[in-house]
$ cat work_29.pdb   # PDB, C-alpha atoms
MODEL        1
ATOM      1  CA  MET H   1       0.183-118.462 -33.221
ATOM      2  CA  VAL H   2       2.481-119.592 -30.446
ATOM      3  CA  PHE H   3       5.269-122.088 -31.139
ATOM      4  CA  VAL H   4       7.868-123.654 -28.882
ATOM      5  CA  SER H   5      11.438-123.460 -30.172
ATOM      6  CA  LYS H   6      14.558-123.387 -28.065
ATOM      7  CA  TYR H   7      16.575-122.764 -31.236
ATOM      8  CA  LEU H   8      14.844-119.564 -32.408
ATOM      9  CA  VAL H   9      14.650-117.948 -28.985
ATOM     10  CA  PRO H  10      18.066-116.565 -27.962
ATOM     11  CA  ARG H  11      19.600-117.886 -24.773
ATOM     12  CA  GLY H  12      18.631-115.758 -21.800
ATOM     13  CA  PHE H  13      15.224-114.905 -23.266
ATOM     14  CA  ARG H  14      11.905-116.679 -22.858
ATOM     15  CA  GLY H  15      10.180-115.525 -26.034
ATOM     16  CA  ILE H  16      10.555-113.706 -29.312
ATOM     17  CA  THR H  17       7.965-112.317 -31.697
ATOM     18  CA  LEU H  18       8.501-112.512 -35.434
ATOM     19  CA  TYR H  19       5.276-111.352 -37.004
ATOM     20  CA  PRO H  20       2.852-113.124 -37.102
ATOM     21  CA  PHE H  21       4.347-115.750 -34.807
ATOM     22  CA  ILE H  22       5.312-115.902 -31.154
ATOM     23  CA  PHE H  23       8.128-118.300 -30.320
ATOM     24  CA  ILE H  24       8.727-119.343 -26.736
ATOM     25  CA  ARG H  25      11.621-121.338 -25.365
ATOM     26  CA  GLU H  26       9.773-123.793 -23.102
ATOM     27  CA  VAL H  27       6.439-125.619 -23.333
ATOM     28  CA  LYS H  28       5.442-124.515 -19.812
ATOM     29  CA  ASP H  29       5.477-120.874 -20.950
ATOM     30  CA  LYS H  30       2.613-121.525 -23.371
ATOM     31  CA  SER H  31       0.277-121.087 -20.406
ATOM     32  CA  ASN H  32       2.087-118.013 -19.035
ATOM     33  CA  ALA H  33      -0.498-115.310 -19.754
ATOM     34  CA  ILE H  34       1.826-112.434 -18.882
ATOM     35  CA  LEU H  35       4.623-113.621 -21.179
ATOM     36  CA  ILE H  36       2.201-114.246 -24.053
ATOM     37  CA  HIS H  37       0.630-110.812 -23.497
ATOM     38  CA  HIS H  38       4.083-109.198 -23.544
ATOM     39  CA  GLU H  39       4.730-110.808 -26.924
ATOM     40  CA  ARG H  40       1.288-109.786 -28.212
ATOM     41  CA  ILE H  41       2.146-106.181 -27.441
ATOM     42  CA  HIS H  42       5.140-106.653 -29.745
ATOM     43  CA  LEU H  43       2.832-108.063 -32.433
ATOM     44  CA  ARG H  44       0.777-104.864 -32.268
ATOM     45  CA  GLN H  45       3.914-102.712 -32.428
ATOM     46  CA  GLN H  46       5.149-104.635 -35.461
ATOM     47  CA  LEU H  47       1.818-104.246 -37.206
ATOM     48  CA  GLU H  48       1.726-100.500 -36.564
ATOM     49  CA  LEU H  49       5.099-100.032 -38.206
ATOM     50  CA  LEU H  50       4.248-102.378 -41.090
ATOM     51  CA  ILE H  51       6.627-105.082 -39.837
ATOM     52  CA  LEU H  52       9.931-104.412 -41.632
ATOM     53  CA  PRO H  53      10.295-100.804 -40.391
ATOM     54  CA  PHE H  54       9.716-102.154 -36.869
ATOM     55  CA  TYR H  55      12.807-104.345 -37.083
ATOM     56  CA  ILE H  56      14.880-101.523 -38.567
ATOM     57  CA  PHE H  57      13.738 -99.075 -35.863
ATOM     58  CA  TYR H  58      14.279-101.721 -33.154
ATOM     59  CA  PHE H  59      17.837-102.432 -34.316
ATOM     60  CA  LEU H  60      18.773 -98.770 -34.749
ATOM     61  CA  GLU H  61      17.370 -97.842 -31.356
ATOM     62  CA  TRP H  62      19.262-100.769 -29.827
ATOM     63  CA  LEU H  63      22.521 -99.526 -31.397
ATOM     64  CA  VAL H  64      21.996 -96.040 -29.979
ATOM     65  CA  LYS H  65      21.171 -97.432 -26.525
ATOM     66  CA  LEU H  66      24.155 -99.776 -26.719
ATOM     67  CA  CYS H  67      26.455 -96.802 -27.290
ATOM     68  CA  TYR H  68      24.818 -95.018 -24.370
ATOM     69  CA  TYR H  69      24.701 -97.891 -21.838
ATOM     70  CA  ARG H  70      27.667 -99.934 -23.139
ATOM     71  CA  ASN H  71      25.791-103.049 -22.096
ATOM     72  CA  ARG H  72      23.708-105.210 -24.449
ATOM     73  CA  TYR H  73      21.144-106.214 -21.856
ATOM     74  CA  MET H  74      20.665-102.663 -20.551
ATOM     75  CA  ALA H  75      20.297-101.433 -24.141
ATOM     76  CA  TYR H  76      17.615-104.074 -24.725
ATOM     77  CA  LYS H  77      15.724-103.313 -21.490
ATOM     78  CA  ASN H  78      15.636 -99.585 -22.324
ATOM     79  CA  LEU H  79      14.237 -99.884 -25.848
ATOM     80  CA  SER H  80      10.945 -98.039 -26.222
ATOM     81  CA  PHE H  81       9.256-101.212 -27.513
ATOM     82  CA  GLU H  82      10.459-103.268 -24.567
ATOM     83  CA  ARG H  83       9.669-100.612 -21.982
ATOM     84  CA  GLU H  84       6.082-100.420 -23.228
ATOM     85  CA  ALA H  85       5.735-104.204 -23.248
ATOM     86  CA  TYR H  86       7.296-104.742 -19.809
ATOM     87  CA  GLN H  87       5.326-101.943 -18.157
ATOM     88  CA  ASN H  88       1.999-103.205 -19.523
ATOM     89  CA  GLU H  89       2.441-106.969 -19.685
ATOM     90  CA  ALA H  90       0.476-107.633 -16.489
ATOM     91  CA  ASN H  91      -2.483-105.527 -17.663
ATOM     92  CA  LEU H  92      -4.224-108.096 -19.837
ATOM     93  CA  GLU H  93      -6.719-105.445 -20.959
ATOM     94  CA  TYR H  94      -3.987-103.122 -22.243
ATOM     95  CA  LEU H  95      -4.308-103.981 -25.936
ATOM     96  CA  LYS H  96      -8.032-103.227 -25.849
ATOM     97  CA  GLN H  97      -7.405 -99.634 -24.717
ATOM     98  CA  ARG H  98      -3.978 -99.046 -26.273
ATOM     99  CA  LYS H  99      -3.733 -96.140 -28.697
ATOM    100  CA  TRP H 100      -1.677 -96.286 -31.871
ATOM    101  CA  PHE H 101       2.075 -95.722 -31.585
ATOM    102  CA  GLN H 102       2.082 -95.808 -27.784
ATOM    103  CA  PHE H 103       5.697 -97.009 -27.826
ATOM    104  CA  LEU H 104       6.690 -93.433 -28.750
ATOM    105  CA  ARG H 105       5.806 -92.356 -25.219
ATOM    106  CA  TYR H 106       8.632 -94.596 -23.986
ATOM    107  CA  LEU H 107      11.417 -93.097 -26.104
TER     108      LEU H 107
ENDMDL
END
$ encode --input "work_29.pdb" --output "structure tokens"
Amino acid sequence: MVFVSKYLVPRGFRGITLYPFIFIREVKDKSNAILIHHERIHLRQQLELLILPFYIFYFLEWLVKLCYYRNRYMAYKNLSFEREAYQNEANLEYLKQRKWFQFLRYL
């Protein structure tokens, strides 16, 4: 399910996935297939890790990357989950062929 909420989506971002929902900042992005696909990749990642462990892993990895890059945005962009999603967002067939735990290849 895709919802529009400028309050749940942090400033500077266009969407956020909180299983089982996708929240986007602007109505026009509801028809943005690439953005929605990016968020669907996150849904799959969250499901694989049984949701709560995903958020714990995501946060811990972000902390490690933050210490390394000393920049919040760079830490975010270099997370394994985000790297997988960004590199495959334009391939709308990706989820059909994606193997389990593919995000590990991006660590």
$ resolve_selection --input "work_29.pdb" --expression "the PyMOL selection byres ((chain H and resi 21) around 10)" --output "list in words"
Met1, Val2, Phe3, Ile16, Thr17, Leu18, Tyr19, Pro20, Ile22, Phe23, Ile24, Glu39, Arg40 and Leu43 of chain H
$ closest_atom_pairs --input "work_29.pdb" --of "stretch 43-77 of chain H" --to "stretch 90-106 of chain H" --cutoff "10 Å" --atoms "all atoms listed in the file" --output "Markdown table"
| residue | atom | partner | partner_atom | distance |
| --- | --- | --- | --- | --- |
| H:Arg44 | CA | H:Leu95 | CA | 8.2 |
| H:Gln45 | CA | H:Phe101 | CA | 7.3 |
| H:Glu48 | CA | H:Phe101 | CA | 6.9 |
| H:Leu49 | CA | H:Phe101 | CA | 8.5 |
$ closest_residue --input "work_29.pdb" --among "H:Val64, H:Leu52, H:Tyr69, H:His42" --to "H:Glu82" --atoms "only C-alpha atoms"
H:His42
$ closest_residue --input "work_29.pdb" --among "H:Ile36, H:Leu66, H:Arg83, H:Tyr73" --to "H:Gly12" --atoms "all atoms listed in the file"
H:Tyr73
$ residues_around --input "work_29.pdb" --residues "H:Val27" --least-positions-apart "6" --cutoff "10 Å" --atoms "all atoms listed in the file" --output "PyMOL selection string"
chain H and resi 3-6
$ residues_around --input "work_29.pdb" --residues "H:Ala75" --least-positions-apart "4" --cutoff "12 Å" --atoms "all atoms listed in the file" --output "PyMOL selection string"
chain H and resi 58-71+79-83
$ atom_distance --input "work_29.pdb" --atom1 "atom CA of H:Phe54" --atom2 "atom CA of H:Leu107"
14.2 Å
$ atom_distance --input "work_29.pdb" --atom1 "atom CA of H:Met74" --atom2 "atom CA of H:Gln87"
15.5 Å
$ atom_distance --input "work_29.pdb" --atom1 "atom CA of H:Phe57" --atom2 "atom CA of H:Glu84"
14.8 Å
$ closest_residue --input "work_29.pdb" --among "H:Ile51, H:Lys30, H:Tyr76, H:Ile56" --to "H:Phe13" --atoms "only C-alpha atoms"
H:Tyr76
$ closest_residue --input "work_29.pdb" --among "H:Arg14, H:Ala85, H:Arg72, H:Gln46" --to "H:Asp29" --atoms "only C-alpha atoms"
H:Arg14
$ build_atoms --input "work_29.pdb" --residues "stretch 7-43 of chain H" --atoms "N, CA and C atoms" --output "mmCIF file, keeping the file's coordinate frame"
data_model
loop_
_atom_site.group_PDB
_atom_site.id
_atom_site.type_symbol
_atom_site.label_atom_id
_atom_site.label_comp_id
_atom_site.auth_asym_id
_atom_site.auth_seq_id
_atom_site.Cartn_x
_atom_site.Cartn_y
_atom_site.Cartn_z
ATOM 1 N N TYR H 7 15.544 -123.177 -30.285
ATOM 2 C CA TYR H 7 16.575 -122.764 -31.236
ATOM 3 C C TYR H 7 16.363 -121.351 -31.770
ATOM 4 N N LEU H 8 15.124 -120.912 -31.904
ATOM 5 C CA LEU H 8 14.844 -119.564 -32.408
ATOM 6 C C LEU H 8 14.894 -118.494 -31.326
ATOM 7 N N VAL H 9 14.646 -118.899 -30.099
ATOM 8 C CA VAL H 9 14.650 -117.948 -28.985
ATOM 9 C C VAL H 9 16.078 -117.880 -28.431
ATOM 10 N N PRO H 10 16.682 -116.696 -28.460
ATOM 11 C CA PRO H 10 18.066 -116.565 -27.962
ATOM 12 C C PRO H 10 18.189 -116.976 -26.505
ATOM 13 N N ARG H 11 19.339 -117.528 -26.156
ATOM 14 C CA ARG H 11 19.600 -117.886 -24.773
ATOM 15 C C ARG H 11 19.458 -116.660 -23.884
ATOM 16 N N GLY H 12 18.843 -116.858 -22.732
ATOM 17 C CA GLY H 12 18.631 -115.758 -21.800
ATOM 18 C C GLY H 12 17.281 -115.086 -21.971
ATOM 19 N N PHE H 13 16.554 -115.464 -23.013
ATOM 20 C CA PHE H 13 15.224 -114.905 -23.266
ATOM 21 C C PHE H 13 14.200 -116.030 -23.239
ATOM 22 N N ARG H 14 12.966 -115.677 -22.928
ATOM 23 C CA ARG H 14 11.905 -116.679 -22.858
ATOM 24 C C ARG H 14 11.024 -116.693 -24.094
ATOM 25 N N GLY H 15 11.014 -115.588 -24.837
ATOM 26 C CA GLY H 15 10.180 -115.525 -26.034
ATOM 27 C C GLY H 15 10.685 -114.502 -27.021
ATOM 28 N N ILE H 16 10.228 -114.654 -28.251
ATOM 29 C CA ILE H 16 10.555 -113.706 -29.312
ATOM 30 C C ILE H 16 9.362 -113.667 -30.265
ATOM 31 N N THR H 17 9.083 -112.488 -30.774
ATOM 32 C CA THR H 17 7.965 -112.317 -31.697
ATOM 33 C C THR H 17 8.503 -111.953 -33.070
ATOM 34 N N LEU H 18 8.169 -112.768 -34.031
ATOM 35 C CA LEU H 18 8.501 -112.512 -35.434
ATOM 36 C C LEU H 18 7.187 -112.592 -36.182
ATOM 37 N N TYR H 19 6.635 -111.435 -36.468
ATOM 38 C CA TYR H 19 5.276 -111.352 -37.004
ATOM 39 C C TYR H 19 5.053 -112.370 -38.109
ATOM 40 N N PRO H 20 3.979 -113.124 -38.044
ATOM 41 C CA PRO H 20 2.852 -113.124 -37.102
ATOM 42 C C PRO H 20 2.959 -114.194 -36.024
ATOM 43 N N PHE H 21 4.161 -114.636 -35.731
ATOM 44 C CA PHE H 21 4.347 -115.750 -34.807
ATOM 45 C C PHE H 21 5.007 -115.316 -33.507
ATOM 46 N N ILE H 22 4.655 -116.043 -32.452
ATOM 47 C CA ILE H 22 5.312 -115.902 -31.154
ATOM 48 C C ILE H 22 6.040 -117.213 -30.911
ATOM 49 N N PHE H 23 7.332 -117.116 -30.638
ATOM 50 C CA PHE H 23 8.128 -118.300 -30.320
ATOM 51 C C PHE H 23 8.539 -118.202 -28.858
ATOM 52 N N ILE H 24 8.313 -119.295 -28.132
ATOM 53 C CA ILE H 24 8.727 -119.343 -26.736
ATOM 54 C C ILE H 24 9.711 -120.495 -26.571
ATOM 55 N N ARG H 25 10.534 -120.386 -25.560
ATOM 56 C CA ARG H 25 11.621 -121.338 -25.365
ATOM 57 C C ARG H 25 11.152 -122.653 -24.737
ATOM 58 N N GLU H 26 10.193 -122.593 -23.836
ATOM 59 C CA GLU H 26 9.773 -123.793 -23.102
ATOM 60 C C GLU H 26 8.264 -124.002 -23.195
ATOM 61 N N VAL H 27 7.854 -125.248 -23.218
ATOM 62 C CA VAL H 27 6.439 -125.619 -23.333
ATOM 63 C C VAL H 27 5.629 -125.021 -22.188
ATOM 64 N N LYS H 28 6.184 -125.023 -20.985
ATOM 65 C CA LYS H 28 5.442 -124.515 -19.812
ATOM 66 C C LYS H 28 5.042 -123.047 -19.970
ATOM 67 N N ASP H 29 5.787 -122.296 -20.774
ATOM 68 C CA ASP H 29 5.477 -120.874 -20.950
ATOM 69 C C ASP H 29 4.283 -120.636 -21.870
ATOM 70 N N LYS H 30 3.805 -121.671 -22.528
ATOM 71 C CA LYS H 30 2.613 -121.525 -23.371
ATOM 72 C C LYS H 30 1.404 -121.083 -22.544
ATOM 73 N N SER H 31 1.402 -121.446 -21.276
ATOM 74 C CA SER H 31 0.277 -121.087 -20.406
ATOM 75 C C SER H 31 0.582 -119.856 -19.548
ATOM 76 N N ASN H 32 1.711 -119.209 -19.779
ATOM 77 C CA ASN H 32 2.087 -118.013 -19.035
ATOM 78 C C ASN H 32 1.428 -116.797 -19.698
ATOM 79 N N ALA H 33 0.299 -116.386 -19.149
ATOM 80 C CA ALA H 33 -0.498 -115.310 -19.754
ATOM 81 C C ALA H 33 0.271 -113.995 -19.858
ATOM 82 N N ILE H 34 1.084 -113.698 -18.872
ATOM 83 C CA ILE H 34 1.826 -112.434 -18.882
ATOM 84 C C ILE H 34 2.882 -112.434 -19.982
ATOM 85 N N LEU H 35 3.616 -113.524 -20.118
ATOM 86 C CA LEU H 35 4.623 -113.621 -21.179
ATOM 87 C C LEU H 35 3.973 -113.535 -22.559
ATOM 88 N N ILE H 36 2.894 -114.264 -22.758
ATOM 89 C CA ILE H 36 2.201 -114.246 -24.053
ATOM 90 C C ILE H 36 1.656 -112.846 -24.337
ATOM 91 N N HIS H 37 1.143 -112.178 -23.313
ATOM 92 C CA HIS H 37 0.630 -110.812 -23.497
ATOM 93 C C HIS H 37 1.762 -109.852 -23.863
ATOM 94 N N HIS H 38 2.906 -110.011 -23.217
ATOM 95 C CA HIS H 38 4.083 -109.198 -23.544
ATOM 96 C C HIS H 38 4.410 -109.341 -25.031
ATOM 97 N N GLU H 39 4.413 -110.556 -25.516
ATOM 98 C CA GLU H 39 4.730 -110.808 -26.924
ATOM 99 C C GLU H 39 3.624 -110.290 -27.849
ATOM 100 N N ARG H 40 2.391 -110.332 -27.399
ATOM 101 C CA ARG H 40 1.288 -109.786 -28.212
ATOM 102 C C ARG H 40 1.386 -108.271 -28.350
ATOM 103 N N ILE H 41 1.911 -107.624 -27.334
ATOM 104 C CA ILE H 41 2.146 -106.181 -27.441
ATOM 105 C C ILE H 41 3.148 -105.930 -28.566
ATOM 106 N N HIS H 42 4.175 -106.779 -28.646
ATOM 107 C CA HIS H 42 5.140 -106.653 -29.745
ATOM 108 C C HIS H 42 4.490 -106.908 -31.108
ATOM 109 N N LEU H 43 3.555 -107.828 -31.167
ATOM 110 C CA LEU H 43 2.832 -108.063 -32.433
ATOM 111 C C LEU H 43 2.127 -106.787 -32.878
#
